[in-house]
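Pasted below: work_21.cif, mmCIF, C-alpha atoms and all ligand atoms.
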```cif
data_coords
#
loop_
_atom_site.group_PDB
_atom_site.id
_atom_site.type_symbol
_atom_site.label_atom_id
_atom_site.label_comp_id
_atom_site.auth_asym_id
_atom_site.auth_seq_id
_atom_site.Cartn_x
_atom_site.Cartn_y
_atom_site.Cartn_z
ATOM 1 C CA MET R 14 -126.816 52.359 -14.858
ATOM 2 C CA SER R 15 -126.534 52.873 -11.165
ATOM 3 C CA ASP R 16 -125.438 55.463 -8.607
ATOM 4 C CA ILE R 17 -125.617 58.535 -10.837
ATOM 5 C CA HIS R 18 -125.516 60.731 -7.728
ATOM 6 C CA ALA R 19 -126.660 63.991 -9.313
ATOM 7 C CA ASN R 20 -123.714 64.111 -11.728
ATOM 8 C CA LEU R 21 -125.233 65.292 -15.012
ATOM 9 C CA ALA R 22 -121.957 65.500 -16.973
ATOM 10 C CA ALA R 23 -121.246 61.833 -16.164
ATOM 11 C CA LEU R 24 -124.787 60.775 -17.101
ATOM 12 C CA GLU R 25 -124.649 62.622 -20.441
ATOM 13 C CA ALA R 26 -121.272 61.060 -21.230
ATOM 14 C CA VAL R 27 -122.595 57.567 -20.463
ATOM 15 C CA TRP R 28 -125.638 58.047 -22.649
ATOM 16 C CA GLN R 29 -123.548 59.326 -25.536
ATOM 17 C CA HIS R 30 -121.030 56.483 -25.151
ATOM 18 C CA ALA R 31 -123.741 53.829 -24.904
ATOM 19 C CA SER R 32 -125.499 55.201 -27.987
ATOM 20 C CA SER R 33 -122.262 54.839 -29.947
ATOM 21 C CA GLN R 34 -121.847 51.189 -28.881
ATOM 22 C CA THR R 35 -125.139 49.792 -30.122
ATOM 23 C CA GLU R 36 -127.641 50.441 -32.887
ATOM 24 C CA LYS R 37 -130.510 50.993 -30.504
ATOM 25 C CA ILE R 38 -130.863 51.089 -26.749
ATOM 26 C CA GLU R 39 -134.223 49.438 -26.211
ATOM 27 C CA GLU R 40 -134.573 50.101 -22.509
ATOM 28 C CA THR R 41 -132.977 52.162 -19.775
ATOM 29 C CA TRP R 42 -132.590 50.579 -16.345
ATOM 30 C CA VAL R 43 -131.463 52.673 -13.404
ATOM 31 C CA LEU R 44 -130.601 51.010 -10.095
ATOM 32 C CA GLY R 45 -131.071 53.864 -7.652
ATOM 33 C CA ASP R 46 -129.018 56.571 -5.961
ATOM 34 C CA ILE R 47 -129.935 59.006 -8.699
ATOM 35 C CA VAL R 48 -129.366 61.952 -6.373
ATOM 36 C CA ASP R 49 -127.158 63.077 -3.465
ATOM 37 C CA TYR R 50 -123.403 63.828 -3.328
ATOM 38 C CA GLY R 51 -123.499 65.602 -6.707
ATOM 39 C CA PRO R 52 -124.562 69.122 -7.672
ATOM 40 C CA GLN R 53 -127.479 68.609 -10.124
ATOM 41 C CA PRO R 54 -130.273 66.502 -8.597
ATOM 42 C CA ASN R 55 -133.169 68.060 -10.554
ATOM 43 C CA GLN R 56 -131.308 68.143 -13.869
ATOM 44 C CA VAL R 57 -130.456 64.447 -13.535
ATOM 45 C CA VAL R 58 -134.069 63.503 -12.757
ATOM 46 C CA ASP R 59 -135.263 65.525 -15.779
ATOM 47 C CA TYR R 60 -132.652 63.972 -18.077
ATOM 48 C CA LEU R 61 -133.593 60.440 -16.989
ATOM 49 C CA ARG R 62 -137.292 60.986 -17.527
ATOM 50 C CA HIS R 63 -136.684 61.492 -21.242
ATOM 51 C CA LEU R 64 -134.719 58.267 -21.785
ATOM 52 C CA PRO R 65 -136.423 55.356 -23.612
ATOM 53 C CA ASN R 66 -138.492 52.762 -21.679
ATOM 54 C CA LEU R 67 -137.210 53.785 -18.306
ATOM 55 C CA SER R 68 -137.262 51.433 -15.270
ATOM 56 C CA VAL R 69 -135.910 52.897 -12.030
ATOM 57 C CA VAL R 70 -135.690 51.509 -8.498
ATOM 58 C CA LYS R 71 -135.218 53.530 -5.325
ATOM 59 C CA GLY R 72 -131.826 53.729 -3.616
ATOM 60 C CA ASN R 73 -130.932 54.511 -0.019
ATOM 61 C CA HIS R 74 -130.040 58.082 -1.001
ATOM 62 C CA GLU R 75 -133.524 58.664 -2.418
ATOM 63 C CA ALA R 76 -134.977 57.386 0.871
ATOM 64 C CA MET R 77 -132.582 59.659 2.785
ATOM 65 C CA VAL R 78 -133.254 62.902 0.889
ATOM 66 C CA LEU R 79 -137.006 62.266 1.179
ATOM 67 C CA SER R 80 -136.631 61.558 4.938
ATOM 68 C CA GLU R 81 -138.310 58.189 4.452
ATOM 69 C CA ILE R 82 -135.753 56.598 6.767
ATOM 70 C CA SER R 83 -134.175 57.784 9.987
ATOM 71 C CA LEU R 84 -131.037 59.884 9.484
ATOM 72 C CA ARG R 85 -129.868 59.358 13.050
ATOM 73 C CA TYR R 86 -126.944 57.065 12.228
ATOM 74 C CA ILE R 87 -125.841 58.795 9.042
ATOM 75 C CA ASN R 88 -122.314 60.243 8.986
ATOM 76 C CA PRO R 89 -122.569 64.058 9.611
ATOM 77 C CA MET R 90 -120.648 64.890 6.424
ATOM 78 C CA ILE R 91 -123.079 62.842 4.326
ATOM 79 C CA LEU R 92 -125.971 64.400 6.216
ATOM 80 C CA GLU R 93 -124.780 67.850 5.173
ATOM 81 C CA VAL R 94 -125.026 66.941 1.464
ATOM 82 C CA THR R 95 -128.292 65.080 1.993
ATOM 83 C CA ARG R 96 -129.859 68.167 3.576
ATOM 84 C CA TRP R 97 -128.567 70.330 0.729
ATOM 85 C CA THR R 98 -130.062 67.919 -1.834
ATOM 86 C CA SER R 99 -133.417 67.888 -0.009
ATOM 87 C CA SER R 100 -133.487 71.687 -0.066
ATOM 88 C CA GLN R 101 -132.856 71.747 -3.827
ATOM 89 C CA LEU R 102 -135.437 69.190 -4.984
ATOM 90 C CA THR R 103 -138.396 70.572 -6.909
ATOM 91 C CA LYS R 104 -141.848 69.220 -6.104
ATOM 92 C CA GLU R 105 -141.795 67.261 -9.374
ATOM 93 C CA SER R 106 -138.399 65.666 -8.687
ATOM 94 C CA ALA R 107 -139.410 64.725 -5.134
ATOM 95 C CA GLN R 108 -142.643 63.207 -6.436
ATOM 96 C CA PHE R 109 -140.757 61.196 -9.057
ATOM 97 C CA LEU R 110 -138.303 59.844 -6.473
ATOM 98 C CA ARG R 111 -141.003 59.094 -3.892
ATOM 99 C CA ASN R 112 -142.912 56.902 -6.354
ATOM 100 C CA LEU R 113 -139.969 54.634 -7.205
ATOM 101 C CA PRO R 114 -140.374 50.956 -6.199
ATOM 102 C CA PRO R 115 -137.650 49.080 -4.257
ATOM 103 C CA THR R 116 -137.493 46.220 -6.788
ATOM 104 C CA ILE R 117 -138.677 45.513 -10.337
ATOM 105 C CA GLN R 118 -138.855 42.213 -12.237
ATOM 106 C CA HIS R 119 -138.258 42.495 -15.934
ATOM 107 C CA TYR R 120 -137.618 39.613 -18.394
ATOM 108 C CA ASP R 121 -135.386 37.139 -16.482
ATOM 109 C CA VAL R 122 -133.928 39.864 -14.266
ATOM 110 C CA THR R 123 -134.666 41.444 -10.879
ATOM 111 C CA LEU R 124 -133.618 45.081 -10.456
ATOM 112 C CA CYS R 125 -132.768 46.490 -7.031
ATOM 113 C CA HIS R 126 -130.390 49.033 -5.572
ATOM 114 C CA ALA R 127 -128.509 47.085 -2.877
ATOM 115 C CA SER R 128 -129.631 43.415 -2.689
ATOM 116 C CA PRO R 129 -132.894 41.457 -3.091
ATOM 117 C CA ARG R 130 -132.841 40.627 0.626
ATOM 118 C CA ASP R 131 -132.338 44.242 1.671
ATOM 119 C CA PRO R 132 -132.927 46.580 -1.313
ATOM 120 C CA MET R 133 -131.725 49.666 0.586
ATOM 121 C CA TRP R 134 -128.562 48.718 2.467
ATOM 122 C CA GLU R 135 -126.878 45.356 1.892
ATOM 123 C CA TYR R 136 -123.645 45.359 -0.153
ATOM 124 C CA VAL R 137 -123.287 42.386 -2.521
ATOM 125 C CA THR R 138 -119.517 42.126 -2.360
ATOM 126 C CA SER R 139 -118.838 38.381 -2.075
ATOM 127 C CA VAL R 140 -119.944 34.972 -3.317
ATOM 128 C CA GLN R 141 -121.313 34.214 0.144
ATOM 129 C CA ILE R 142 -123.538 37.279 0.338
ATOM 130 C CA ALA R 143 -124.762 36.632 -3.210
ATOM 131 C CA GLN R 144 -125.524 33.011 -2.317
ATOM 132 C CA GLU R 145 -127.499 34.037 0.765
ATOM 133 C CA ASN R 146 -129.601 36.255 -1.513
ATOM 134 C CA LEU R 147 -130.551 33.535 -4.030
ATOM 135 C CA ASP R 148 -133.735 32.613 -2.144
ATOM 136 C CA HIS R 149 -134.871 36.241 -2.146
ATOM 137 C CA PHE R 150 -135.569 36.550 -5.890
ATOM 138 C CA THR R 151 -137.065 34.224 -8.479
ATOM 139 C CA THR R 152 -135.541 35.376 -11.780
ATOM 140 C CA SER R 153 -132.261 33.982 -13.173
ATOM 141 C CA GLY R 154 -130.440 37.264 -12.872
ATOM 142 C CA CYS R 155 -130.253 40.165 -10.493
ATOM 143 C CA VAL R 156 -128.779 43.597 -11.223
ATOM 144 C CA VAL R 157 -127.638 45.706 -8.287
ATOM 145 C CA GLY R 158 -125.684 48.883 -7.569
ATOM 146 C CA HIS R 159 -124.783 50.437 -4.202
ATOM 147 C CA THR R 160 -121.107 49.369 -3.981
ATOM 148 C CA HIS R 161 -120.020 51.674 -6.838
ATOM 149 C CA MET R 162 -117.811 48.809 -8.138
ATOM 150 C CA PRO R 163 -118.471 46.866 -11.354
ATOM 151 C CA PHE R 164 -118.968 43.199 -10.617
ATOM 152 C CA ALA R 165 -120.259 40.026 -12.301
ATOM 153 C CA LEU R 166 -120.969 36.784 -10.486
ATOM 154 C CA GLY R 167 -122.428 33.600 -11.914
ATOM 155 C CA PHE R 168 -123.556 30.382 -10.231
ATOM 156 C CA ALA R 169 -123.213 27.232 -12.328
ATOM 157 C CA GLU R 170 -125.080 23.919 -11.726
ATOM 158 C CA SER R 171 -122.800 23.010 -8.846
ATOM 159 C CA ASN R 172 -123.679 26.338 -7.210
ATOM 160 C CA GLN R 173 -120.010 27.248 -7.410
ATOM 161 C CA GLY R 174 -119.722 31.022 -7.721
ATOM 162 C CA VAL R 175 -117.554 32.566 -10.450
ATOM 163 C CA VAL R 176 -116.611 36.204 -9.842
ATOM 164 C CA THR R 177 -115.404 38.723 -12.419
ATOM 165 C CA ARG R 178 -114.184 42.237 -11.648
ATOM 166 C CA PRO R 179 -114.726 43.664 -15.093
ATOM 167 C CA LYS R 180 -112.646 46.375 -16.712
ATOM 168 C CA ASP R 181 -113.551 48.750 -19.526
ATOM 169 C CA GLY R 182 -114.632 46.823 -22.613
ATOM 170 C CA ASP R 183 -115.009 43.423 -20.907
ATOM 171 C CA ASN R 184 -117.782 41.088 -22.058
ATOM 172 C CA VAL R 185 -119.191 38.477 -19.709
ATOM 173 C CA GLY R 186 -121.392 35.619 -20.986
ATOM 174 C CA LEU R 187 -124.446 34.840 -18.837
ATOM 175 C CA ASN R 188 -124.819 31.095 -19.390
ATOM 176 C CA PHE R 189 -125.330 30.531 -15.651
ATOM 177 C CA ASN R 190 -128.299 29.282 -13.617
ATOM 178 C CA ARG R 191 -128.272 32.387 -11.482
ATOM 179 C CA TRP R 192 -126.186 35.532 -11.716
ATOM 180 C CA PHE R 193 -125.558 39.004 -10.323
ATOM 181 C CA ILE R 194 -124.317 42.074 -12.163
ATOM 182 C CA ASN R 195 -123.296 45.450 -10.837
ATOM 183 C CA PRO R 196 -122.650 48.020 -13.610
ATOM 184 C CA GLY R 197 -120.557 50.232 -11.305
ATOM 185 C CA SER R 198 -121.326 53.889 -10.641
ATOM 186 C CA VAL R 199 -122.033 56.580 -13.220
ATOM 187 C CA GLY R 200 -121.467 59.584 -10.990
ATOM 188 C CA GLN R 201 -119.027 58.482 -8.294
ATOM 189 C CA PRO R 202 -116.934 55.397 -9.210
ATOM 190 C CA ARG R 203 -114.968 53.827 -6.343
ATOM 191 C CA ASP R 204 -112.772 51.275 -8.126
ATOM 192 C CA GLN R 205 -109.825 53.637 -8.703
ATOM 193 C CA ASP R 206 -111.015 54.482 -12.237
ATOM 194 C CA PRO R 207 -112.695 57.911 -12.164
ATOM 195 C CA ARG R 208 -114.438 57.469 -15.538
ATOM 196 C CA ALA R 209 -118.215 56.968 -15.474
ATOM 197 C CA SER R 210 -119.137 53.268 -15.361
ATOM 198 C CA TYR R 211 -122.132 51.485 -16.925
ATOM 199 C CA ALA R 212 -123.096 48.197 -18.585
ATOM 200 C CA LEU R 213 -125.047 47.077 -21.638
ATOM 201 C CA LEU R 214 -127.159 43.981 -21.014
ATOM 202 C CA HIS R 215 -128.111 41.867 -24.026
ATOM 203 C CA ILE R 216 -131.403 40.012 -23.705
ATOM 204 C CA ASP R 217 -132.850 37.455 -26.102
ATOM 205 C CA THR R 218 -136.418 38.630 -25.517
ATOM 206 C CA GLN R 219 -137.912 35.783 -27.537
ATOM 207 C CA HIS R 220 -136.494 33.221 -25.115
ATOM 208 C CA ASN R 221 -136.657 35.539 -22.093
ATOM 209 C CA GLN R 222 -132.969 35.024 -21.458
ATOM 210 C CA SER R 223 -130.102 37.414 -20.873
ATOM 211 C CA THR R 224 -127.130 36.382 -22.987
ATOM 212 C CA LYS R 225 -124.236 38.674 -22.150
ATOM 213 C CA VAL R 226 -123.221 41.919 -20.528
ATOM 214 C CA GLU R 227 -120.684 44.509 -21.712
ATOM 215 C CA PHE R 228 -118.951 46.756 -19.200
ATOM 216 C CA HIS R 229 -117.895 50.226 -20.300
ATOM 217 C CA ARG R 230 -116.286 53.397 -18.993
ATOM 218 C CA ALA R 231 -116.931 56.869 -20.366
ATOM 219 C CA ASP R 232 -114.703 59.922 -19.939
ATOM 220 C CA TYR R 233 -116.482 63.040 -18.781
ATOM 221 C CA ASP R 234 -115.622 66.555 -17.622
ATOM 222 C CA ILE R 235 -114.898 65.787 -13.955
ATOM 223 C CA ARG R 236 -113.665 69.350 -13.395
ATOM 224 C CA ALA R 237 -117.019 70.826 -14.473
ATOM 225 C CA THR R 238 -118.900 68.711 -11.915
ATOM 226 C CA GLN R 239 -116.334 69.520 -9.225
ATOM 227 C CA GLU R 240 -116.754 73.266 -9.813
ATOM 228 C CA LEU R 241 -120.523 73.020 -9.483
ATOM 229 C CA MET R 242 -120.037 71.082 -6.234
ATOM 230 C CA LEU R 243 -117.741 73.789 -4.934
ATOM 231 C CA ASP R 244 -120.331 76.478 -5.804
ATOM 232 C CA ALA R 245 -123.000 74.461 -3.983
ATOM 233 C CA GLY R 246 -120.874 74.268 -0.827
ATOM 234 C CA ILE R 247 -120.632 70.458 -0.860
ATOM 235 C CA PRO R 248 -117.853 69.234 1.527
ATOM 236 C CA PRO R 249 -114.389 68.979 -0.155
ATOM 237 C CA PHE R 250 -114.082 65.234 0.537
ATOM 238 C CA PHE R 251 -116.830 64.478 -2.008
ATOM 239 C CA ILE R 252 -115.321 66.866 -4.553
ATOM 240 C CA TYR R 253 -111.826 65.430 -4.237
ATOM 241 C CA ARG R 254 -112.846 61.775 -4.482
ATOM 242 C CA LEU R 255 -114.482 62.218 -7.921
ATOM 243 C CA ALA R 256 -111.094 62.745 -9.562
ATOM 244 C CA GLN R 257 -109.561 59.806 -7.660
ATOM 245 C CA GLY R 258 -112.285 57.274 -8.355
ATOM 246 C CA HIS R 259 -112.494 56.033 -4.806
HETATM 247 ZN ZN ZN C 301 -124.565 55.189 -4.134
#
```
Would you kindly transcribe this structure into structure tokens?
Amino acid sequence: MSDIHANLAALEAVWQHASSQTEKIEETWVLGDIVDYGPQPNQVVDYLRHLPNLSVVKGNHEAMVLSEISLRYINPMILEVTRWTSSQLTKESAQFLRNLPPTIQHYDVTLCHASPRDPMWEYVTSVQIAQENLDHFTTSGCVVGHTHMPFALGFAESNQGVVTRPKDGDNVGLNFNRWFINPGSVGQPRDQDPRASYALLHIDTQHNQSTKVEFHRADYDIRATQELMLDAGIPPFFIYRLAQGH
């Protein structure tokens, strides 16, 4: 999962959907931007902490709400939500977010929010950017978020990149030398489909090899999240876009 953005209804819907798709979810991987934009930062942190074998990396929005990076060049409308989120965080939530690492290596996969080269900010949106990142991680695969768009990209022997823009229910085999996956965004999708987005990664742990990834979308009560955002005084732009999926 990635980019939950303090949207508890979306997170709950994803977990329920994922649990219905597979006998057992062995591990939970979260690729940052847990908070900000949405109305329930603490509730989302608490919910995540109870999920099985949790691995989480830090996103740019965690760094922003904790004032770990300069906010000087941040768009004023985003800054307004970021300040609201900072004011809401409990000590425990802030502590949890502060301790998150920028990258994690697990099995044959590197986890990061944006890209291995720049875990906070770079958008992996093209074959070229992905290729430039290959020297910045050592595992076969890399899972990223940040763009809020589901994406799969594999490099074969010839180093030719094959891109997939997966839709709900798509399966992508991972018989590539190197590959990138973006599961899309749980709490604020931007690919014109407002349903919560996530992916199930299948790993043959005996051979330390990822075999395939399934992309899914889960319906959730968008209205409920929008009403909480309205109550919190979050700018209308962020409320409106949830229903549009952009
Ligand atoms: Zn994000």
All residues 6 Å or closer to R:Leu166, all atoms listed in the file, same chain fewer than 6 positions away omitted, as an NGL selection string: :R and (175-176 or 192-193)
Which polymer residues have any atom within 10 Å of an atom of R:Val156, counting all atoms listed in the file, with same-chain residues fewer than 5 positions away left out, as a CSV table (one decimal) with C-alpha atoms, keeping the file's coordinate frame?
```csv
chain,number,residue,atom,x,y,z
R,14,MET,CA,-126.8,52.4,-14.9
R,15,SER,CA,-126.5,52.9,-11.2
R,42,TRP,CA,-132.6,50.6,-16.3
R,43,VAL,CA,-131.5,52.7,-13.4
R,44,LEU,CA,-130.6,51.0,-10.1
R,122,VAL,CA,-133.9,39.9,-14.3
R,123,THR,CA,-134.7,41.4,-10.9
R,124,LEU,CA,-133.6,45.1,-10.5
R,125,CYS,CA,-132.8,46.5,-7.0
R,126,HIS,CA,-130.4,49.0,-5.6
R,127,ALA,CA,-128.5,47.1,-2.9
R,128,SER,CA,-129.6,43.4,-2.7
R,129,PRO,CA,-132.9,41.5,-3.1
R,164,PHE,CA,-119.0,43.2,-10.6
R,165,ALA,CA,-120.3,40.0,-12.3
R,192,TRP,CA,-126.2,35.5,-11.7
R,193,PHE,CA,-125.6,39.0,-10.3
R,194,ILE,CA,-124.3,42.1,-12.2
R,195,ASN,CA,-123.3,45.4,-10.8
R,196,PRO,CA,-122.6,48.0,-13.6
R,214,LEU,CA,-127.2,44.0,-21.0
```
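Evaluated on this file, the PyMOL selection byres (((chain R and resi 71) around 7) and not hetatm) matches Gly45, Asp46, Val69, Val70, Gly72, Asn73, Glu75, Leu113, Pro114, Pro115 and His126 of chain R.
Comparing R:Thr152, R:Ser223, R:Gln201, R:Asn88 by their smallest distance to ligand ZN 301 (chain C), the closest is R:Gln201 (using only C-alpha atoms and all ligand atoms).
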Within 7 Å of ligand ZN 301 (chain C), which residues show up when you count all atoms listed in the file? List them as number ranges by chain, please. R: 16, 18, 46, 74, 159-161
Dump of C-alpha atoms for the selected residues, as a PDB file, in the frame of the given file:
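As written to disk, result-v9.pdb reads:
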```pdb
ATOM      1  CA  ASP R  16    -125.438  55.463  -8.607  1.00  0.00           C
ATOM      2  CA  HIS R  18    -125.516  60.731  -7.728  1.00  0.00           C
ATOM      3  CA  ASP R  46    -129.018  56.571  -5.961  1.00  0.00           C
ATOM      4  CA  HIS R  74    -130.040  58.082  -1.001  1.00  0.00           C
ATOM      5  CA  HIS R 159    -124.783  50.437  -4.202  1.00  0.00           C
ATOM      6  CA  THR R 160    -121.107  49.369  -3.981  1.00  0.00           C
ATOM      7  CA  HIS R 161    -120.020  51.674  -6.838  1.00  0.00           C
TER       8      HIS R 161
END
```
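Against the coordinates shown, the PyMOL selection byres (((chain R and resi 77) around 10) and not hetatm) returns Asp46, Val48, Asp49, Gly72, Asn73, His74, Glu75, Ala76, Val78, Leu79, Ser80, Glu81, Ile82, Ser83, Leu84, Ile87, Leu92, Thr95, Arg96, Thr98 and Ser99 of chain R.
Using all atoms listed in the file, the smallest distance between any of R:Asp59, R:Asp217, R:Asp244, R:Asp204 and R:Gln257 comes from R:Asp204.
Distance-wise, atom CA of R:Ala169 and atom CA of R:Lys225 end up 15.1 Å apart.
Considering the residues R:Ile247, R:Ala212, R:Leu102, R:Val140 and counting only C-alpha atoms, R:Ala231 has its shortest atom-to-atom contact with R:Ala212.
Restricting the calculation to all atoms listed in the file, the smallest distance between R:Ala209 and any of R:Ala237, R:Leu21, R:Met133, R:Val27 is found for R:Val27.
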